[in-house]
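Following: one structure in structure tokens, then a few remarks.
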Amino acid sequence: MLTYKIIHSMRSILLMTLLLSMAFFLSNCTKTGKHERNIMNLENSWQIINTVDTALDGQEISSSDINLDAWIPASVPTTVLGALVENDVYQDIYYGKNLEIIDKIQFQTPWWYRTEFSLKDESTSNYRLIFEGINYRADIWLNGQKIASSDSMIGSFRIYELDVTKVIRQDKNILAVKVHPPQPGDFTIGFVDWNPRPPDSNMGLWRGVKLKKSGAISINHPFVQSKVNLNTFEEAELTITAEVHNHSTEKVTGILSGKIDRIQFQQDIELNPQEQKQIVFSPEEYPELKIDNPKLWWPIHLGEPNLYSLQLTAIVDEAVSDRQETRFGIREVSDYINAEGHRGYKVNGKPVLIRGGGWVDDLLLIEDKDKIKAQVLYTKHMNLNTIRLEGFWGSSQYLYDLADEHGLFLMPGWSCQWEWEGYLGKPVDEFGGIKEPDEIDLVAKSLRDQVLWLRNHPSIFVWVLGSDMLPRPALERTYQSYLDKVDPTRPALMACKEMTSEISGPSAVKMRGPYEYVTPNYWYVDKNYGGAFGFNTETGPGPQPPPLESIRKMIPETNLWPIDEEWNYHCGRNQFNTLDNYLDAFNQRYGKAGNVEEFAFKAQAANYEAMRAMFEAFGVNKYNATGVIQWMLNSAWPEMYWQLYDWYLMPNGAFYAARAACRPVHIAYNYGDGNIYTVNDHLNSMKDLQAEIRILDSNSKIIFTESVQLDMEANASQKIFDLPRLNNVTTVYFLDLRLKDVNGNLLSNNFYWLSTKPDVLDFEDTRWFWTPNKSFADFTELNQLPQVEIKAECNFKDKGQAIVTLANPTESLAFFIELGIIGKEDGQSILPIFWDDNYVSLLPGETRQIHARFNKEDLNGQTPDFTYQGWNIKKD
């Protein structure tokens, strides 16, 4: 329990009584915004129009009622194209090549954003308009007065606060924002080579617009820093800081008080007119901030993600002037360099193997909260512990809040968008395109704004300040000067590539690919490029074509087969604009598909074995391997590349491969040395376990079996068995691995299809994005597996649960069974969906029970139905 000190003074007792009795809200909430204590979110009742379609200027638009018939309704945040799509100006923009039909000319001129809002409040209050994200410049008018100009309101990642106390009215207010689009050379939002550029370049109010109210004194940027006793975890010390600002023209005295659970503390404050000051509550001066037995924040598999709430209140003349509430976690993060020279990360003093995926926002920056929540739950369901945010910091803090709650690390930072001429739109050098003093100032202040905005989130473990290149030394020094002031609690990573800064030294991470398809053995046998050693900050086995249902949603019927330019359009860009390398390997390993149905299904097997091997290799090699980020986690639009689930939230084979490979207690096959390993991600050791190992030939005959007794060390991997080399085995054979606890309960299972013909990599021909093969494994014998008829039953429960029982009564293997839940009426998958396991194989005579969870609301009134298909499964 938290320790606390009772405040005895009469003044403090009166103060706490006051705080408990007062409600601090803006009164008379209108339809134009929702309130969060002292903040009005200006979300609704916006309209937008192209400046070429109105002759009115900012003074006219913001000072009187105007004819809005030609204006387009919008909600903020939104990009211009996002609003047009929301109003059905454009439909089905992701189908085929429809995105190319959208006229880009209309987005080369500024657009107006306009809204009205009303207040009924005391006239002595102070008001500030907060713009959390404008892409890219803006002129701003309020009630007929210009309050900011586009020569100062610049930058996609700047957060601006404008004092509007003298301009705001107690009745109707009219706000007009003239948004100028980003130009070549601007440091804007960008998707690099991941997908097409949005036609409007994401111009608009892409983050929230808020009105903040306070009395004479406001509280800004509260921050909680924690120091944990890493030997016992039984003590922690908190340091709390906040900026207070006197908005009046007179000296003001007051009290700043704080509360965390049952802990209470306060400090007298005195501010001169317009003065800003940082207030510090240190554990040395406030011993109640020394906490016994704190509930620490841990990422998944290491503990619970416990959270606390800090409430700060400014009191002036015995009245509440401002109040801020901040959620935080008690934890420490740090980095280290291992004996091999690789950077790794620790939480609460314990090394953690980073396993995650690269996040990208929606192509139109649409923030669908249900969809974001589903993706966070997907990440957790895959047993991943990290999401990397390269250049996409989210349209709000919702993603960060969810990561805090679910114990996921976040790795936010800048994109390589600003480091390459083709994306930035102006010449670059070895440090990218941020060159001039004003550019350095803009980007460094952008970082400062983001850090101040996000620094209380315990999920953030590092700030990434460069991707493919180091920051220019002058920029790095400026970055560091800001971080020293606003967040000394986290490490900063200066580049995601292996580079050495003259200021901070080696990055000690790597970005050596691959980004294209590589065979499963690559991750184990490669010792020079992207293999399982060190921290590979972005990598992966290339494309992950989704199941057929998603393909049909993006590719016109006439282009479904054979694979053509319509498919390529839904790939990446530049070197990644076709499936050619993927198809070459697929055809040689599995045989050419005869139709789209066959390809879409069998592609999931290729996706599965490629992704499983990558994540398993980094687990097997921990902590010589310190981290891996799959490129990518999700997709900004419907596509074939770099995704564990697609834009529609449809998981592919790689999704369940990641879930299997990243189980916290796991048994795995090493494609490099051909032996069996176990991995334990927990902080406790495990004893008296049993590993069961079986090998079957393609006729489903067991040709090898072994049982191994073992203990597992905490947070470690180990080899447990040298698998014998087999003679006279069929070209394709199967390896079945199961790990059980002392009571015989299954902890982990794994099923591999292997070939006597090895995958042989051609390392001499390695390029920055890919290592090709000299020859491939042969799995074509899978196509001759005998057809089997399994028994499948599904029992649907309340609250969106399904229990599926699969039984294989035959003497042959039932290989690679895909499970689904669909709406009975429309036949479409219910998404998101959370299967315990999927793409499963059943040994002869085996029965398995598999659970699934889904949201009943996603049925849209339909009856749920269960569906399945398999490689060699007969269907009625």
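Here's how to read the names in the structure tokens: chain A, B, ... by the order shown, residue numbers from 1 in each chain, ligand numbers from 1 in the order shown.
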Extract, using only C-alpha atoms, all DNA, RNA and protein residues at most 6 Å from Phe816 (chain A), discarding same-chain residues fewer than 6 positions from it, and format them as a compact mmCIF listing (two decimals) with C-alpha atoms, in the first residue's frame.
# COMPACT_ATOMS: atom_id res chain seq x y z
CA TYR A 839 -3.81 -22.68 -39.16
CA VAL A 840 -3.55 -25.81 -37.05
CA SER A 841 -2.64 -29.38 -37.99
CA GLY A 870 -7.55 -27.09 -44.87
CA TRP A 871 -4.76 -28.16 -47.18
**Message:** So that I can see what lies close to Ile440 (chain A), please list as number ranges by chain the residues with an atom at most 10 Å from it, counting only C-alpha atoms and leaving out residues fewer than 3 positions away in the same chain.
**Reply:** A: 433-437, 443-446, 471-472, 474-476, 478-479
**Message:** Taking 4 positions as the minimum chain separation for residues in the same chain, which residues sit within 8 Å of region 249-263 of chain A when counting only C-alpha atoms? Answer as a list in words.
**Reply:**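 Once the nearby chain positions are removed, what remains is Leu2, Thr3, Tyr4, Lys5, Ala216, Ile217, Gln267, Asp268, Ile269, Glu270, Leu271, Asn272, Pro273, Gln274, Glu288, Leu289, Tyr308, Ser309, Leu310, Gln311, Leu312, Thr313, Ala314, Ile315, Val316 and Asp317 of chain A.
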Hey, what does DSSP flag as strand (DSSP E or B) within region 56-259 of chain A? Can you give it to me as an mmCIF file with C-alpha atoms, in the first residue's frame?
data_model
loop_
_atom_site.group_PDB
_atom_site.id
_atom_site.type_symbol
_atom_site.label_atom_id
_atom_site.label_comp_id
_atom_site.auth_asym_id
_atom_site.auth_seq_id
_atom_site.Cartn_x
_atom_site.Cartn_y
_atom_site.Cartn_z
ATOM 1 C CA ILE A 72 -18.753 20.454 -46.448
ATOM 2 C CA PRO A 73 -19.549 19.237 -42.911
ATOM 3 C CA ALA A 74 -16.621 17.873 -40.938
ATOM 4 C CA THR A 78 -9.718 15.382 -40.045
ATOM 5 C CA THR A 79 -7.691 15.851 -43.158
ATOM 6 C CA TRP A 111 -8.750 25.133 -47.480
ATOM 7 C CA TRP A 112 -10.917 26.863 -44.887
ATOM 8 C CA TYR A 113 -11.998 25.151 -41.676
ATOM 9 C CA ARG A 114 -14.810 26.956 -39.799
ATOM 10 C CA THR A 115 -16.723 26.245 -36.596
ATOM 11 C CA GLU A 116 -18.942 28.021 -34.075
ATOM 12 C CA PHE A 117 -19.021 27.478 -30.320
ATOM 13 C CA SER A 118 -20.686 29.164 -27.364
ATOM 14 C CA ASN A 126 -8.576 33.097 -19.158
ATOM 15 C CA TYR A 127 -8.864 31.153 -22.424
ATOM 16 C CA ARG A 128 -6.323 29.539 -24.712
ATOM 17 C CA LEU A 129 -6.910 27.858 -28.036
ATOM 18 C CA ILE A 130 -4.734 24.785 -28.483
ATOM 19 C CA PHE A 131 -3.936 23.393 -31.928
ATOM 20 C CA ASN A 135 -0.582 20.147 -41.639
ATOM 21 C CA ARG A 137 0.639 26.071 -42.121
ATOM 22 C CA ALA A 138 -2.342 28.082 -40.952
ATOM 23 C CA ASP A 139 -3.808 31.556 -40.698
ATOM 24 C CA ILE A 140 -6.282 31.749 -37.829
ATOM 25 C CA TRP A 141 -9.154 34.144 -37.163
ATOM 26 C CA LEU A 142 -11.479 34.333 -34.161
ATOM 27 C CA GLN A 145 -9.712 39.162 -35.651
ATOM 28 C CA LYS A 146 -6.633 37.485 -37.025
ATOM 29 C CA ILE A 147 -4.896 35.834 -34.072
ATOM 30 C CA ALA A 148 -2.112 33.909 -35.845
ATOM 31 C CA ILE A 154 4.146 26.114 -39.145
ATOM 32 C CA TYR A 160 0.465 25.766 -30.531
ATOM 33 C CA GLU A 161 -1.324 27.538 -27.680
ATOM 34 C CA LEU A 162 -2.898 30.936 -28.389
ATOM 35 C CA ASP A 163 -4.211 33.241 -25.659
ATOM 36 C CA LYS A 172 -21.337 32.764 -29.963
ATOM 37 C CA ASN A 173 -17.753 32.514 -31.184
ATOM 38 C CA ILE A 174 -16.668 31.866 -34.772
ATOM 39 C CA LEU A 175 -13.296 30.277 -35.460
ATOM 40 C CA ALA A 176 -11.837 30.155 -38.971
ATOM 41 C CA VAL A 177 -8.622 28.369 -39.903
ATOM 42 C CA LYS A 178 -7.026 28.695 -43.329
ATOM 43 C CA VAL A 179 -4.888 25.588 -43.772
ATOM 44 C CA HIS A 180 -2.074 25.695 -46.316
ATOM 45 C CA GLY A 204 -5.747 19.753 -42.600
ATOM 46 C CA LEU A 205 -6.385 19.858 -38.874
ATOM 47 C CA VAL A 209 -8.444 21.755 -31.540
ATOM 48 C CA LYS A 210 -9.216 22.560 -27.913
ATOM 49 C CA LEU A 211 -10.240 25.514 -25.796
ATOM 50 C CA LYS A 212 -8.673 25.564 -22.341
ATOM 51 C CA LYS A 213 -10.021 27.691 -19.507
ATOM 52 C CA SER A 214 -8.431 28.661 -16.198
ATOM 53 C CA ILE A 217 -3.077 30.682 -12.712
ATOM 54 C CA SER A 218 -2.951 27.722 -15.066
ATOM 55 C CA ILE A 219 -1.152 24.400 -14.661
ATOM 56 C CA ASN A 220 0.789 23.126 -17.637
ATOM 57 C CA HIS A 221 2.867 20.043 -18.456
ATOM 58 C CA PRO A 222 2.689 18.063 -15.204
ATOM 59 C CA PHE A 223 5.308 15.317 -15.094
ATOM 60 C CA VAL A 224 5.926 12.383 -12.764
ATOM 61 C CA GLN A 225 9.412 10.875 -12.608
ATOM 62 C CA SER A 226 9.928 7.634 -10.723
ATOM 63 C CA LYS A 227 13.019 6.056 -9.213
ATOM 64 C CA VAL A 228 12.643 2.396 -8.266
ATOM 65 C CA GLU A 235 10.507 1.248 -2.624
ATOM 66 C CA ALA A 236 10.091 3.996 -5.181
ATOM 67 C CA GLU A 237 10.581 7.742 -5.097
ATOM 68 C CA LEU A 238 8.498 10.172 -7.130
ATOM 69 C CA THR A 239 9.482 13.621 -8.317
ATOM 70 C CA ILE A 240 6.604 15.735 -9.576
ATOM 71 C CA THR A 241 7.008 18.870 -11.634
ATOM 72 C CA ALA A 242 4.561 21.249 -13.278
ATOM 73 C CA GLU A 243 4.674 24.646 -14.913
ATOM 74 C CA VAL A 244 2.389 27.318 -13.501
ATOM 75 C CA HIS A 245 1.552 30.451 -15.447
ATOM 76 C CA ASN A 246 0.102 33.707 -14.181
ATOM 77 C CA VAL A 252 -0.787 36.386 -7.697
ATOM 78 C CA THR A 253 -0.276 34.095 -4.727
ATOM 79 C CA GLY A 254 -1.879 30.733 -4.268
ATOM 80 C CA ILE A 255 -1.420 27.056 -3.533
ATOM 81 C CA LEU A 256 -0.516 24.171 -5.811
ATOM 82 C CA SER A 257 -1.747 20.932 -4.272
ATOM 83 C CA GLY A 258 -1.407 17.346 -5.400
ATOM 84 C CA LYS A 259 -3.007 13.999 -4.722
#
From the DSSP assignment of the backbone, select every residue of region 563-808 of chain A that is alpha helix (DSSP H), and format the answer as an mmCIF file with C-alpha atoms, in the first residue's frame.
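So states-v4.cif came out as:
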data_model
loop_
_atom_site.group_PDB
_atom_site.id
_atom_site.type_symbol
_atom_site.label_atom_id
_atom_site.label_comp_id
_atom_site.auth_asym_id
_atom_site.auth_seq_id
_atom_site.Cartn_x
_atom_site.Cartn_y
_atom_site.Cartn_z
ATOM 1 C CA GLU A 565 -0.786 -4.690 -62.177
ATOM 2 C CA GLU A 566 -3.855 -4.257 -59.978
ATOM 3 C CA TRP A 567 -2.168 -6.507 -57.416
ATOM 4 C CA ASN A 568 1.103 -4.612 -57.802
ATOM 5 C CA TYR A 569 -0.700 -1.325 -57.152
ATOM 6 C CA ASP A 580 7.798 -11.201 -57.971
ATOM 7 C CA ASN A 581 10.372 -12.366 -55.418
ATOM 8 C CA TYR A 582 7.683 -13.772 -53.157
ATOM 9 C CA LEU A 583 6.052 -15.612 -56.062
ATOM 10 C CA ASP A 584 9.342 -17.052 -57.285
ATOM 11 C CA ALA A 585 9.981 -18.616 -53.886
ATOM 12 C CA PHE A 586 6.346 -19.679 -53.482
ATOM 13 C CA ASN A 587 6.212 -21.391 -56.846
ATOM 14 C CA GLN A 588 9.468 -23.267 -56.323
ATOM 15 C CA ARG A 589 8.709 -24.306 -52.762
ATOM 16 C CA TYR A 590 4.967 -25.064 -52.926
ATOM 17 C CA VAL A 596 -6.690 -17.222 -56.770
ATOM 18 C CA GLU A 597 -8.442 -19.420 -54.220
ATOM 19 C CA GLU A 598 -5.543 -21.853 -54.091
ATOM 20 C CA PHE A 599 -2.959 -19.097 -53.980
ATOM 21 C CA ALA A 600 -4.672 -17.085 -51.239
ATOM 22 C CA PHE A 601 -4.947 -20.133 -48.993
ATOM 23 C CA LYS A 602 -1.490 -21.608 -49.582
ATOM 24 C CA ALA A 603 0.091 -18.175 -49.237
ATOM 25 C CA GLN A 604 -0.901 -18.329 -45.589
ATOM 26 C CA ALA A 605 1.400 -21.343 -45.129
ATOM 27 C CA ALA A 606 4.260 -19.395 -46.708
ATOM 28 C CA ASN A 607 3.426 -16.392 -44.513
ATOM 29 C CA TYR A 608 3.277 -18.573 -41.421
ATOM 30 C CA GLU A 609 6.598 -20.372 -41.725
ATOM 31 C CA ALA A 610 8.431 -17.193 -42.779
ATOM 32 C CA MET A 611 7.170 -15.101 -39.841
ATOM 33 C CA ARG A 612 7.416 -17.796 -37.184
ATOM 34 C CA ALA A 613 11.079 -18.415 -37.946
ATOM 35 C CA MET A 614 11.988 -14.745 -37.610
ATOM 36 C CA PHE A 615 10.437 -14.216 -34.197
ATOM 37 C CA GLU A 616 11.579 -17.614 -32.919
ATOM 38 C CA ALA A 617 15.167 -17.012 -33.964
ATOM 39 C CA PHE A 618 15.387 -13.805 -31.948
ATOM 40 C CA GLY A 619 13.876 -15.631 -28.971
ATOM 41 C CA VAL A 620 16.230 -18.584 -29.287
ATOM 42 C CA GLY A 653 -0.990 -16.668 -41.466
ATOM 43 C CA ALA A 654 1.831 -14.459 -40.165
ATOM 44 C CA PHE A 655 -0.434 -13.216 -37.358
ATOM 45 C CA TYR A 656 -0.826 -16.652 -35.806
ATOM 46 C CA ALA A 657 2.787 -17.474 -36.542
ATOM 47 C CA ALA A 658 3.810 -14.471 -34.444
ATOM 48 C CA ARG A 659 1.417 -15.528 -31.686
ATOM 49 C CA ALA A 660 2.938 -19.004 -31.631
ATOM 50 C CA ALA A 661 6.557 -17.856 -31.897
#
**Request:** Using only C-alpha atoms, find the one residue out of A:Pro299, A:Pro651, A:Pro844, A:Pro283 that sits nearest to Met382 (chain A).
**Result:**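 So, comparing all the options, the nearest one is A:Pro651.
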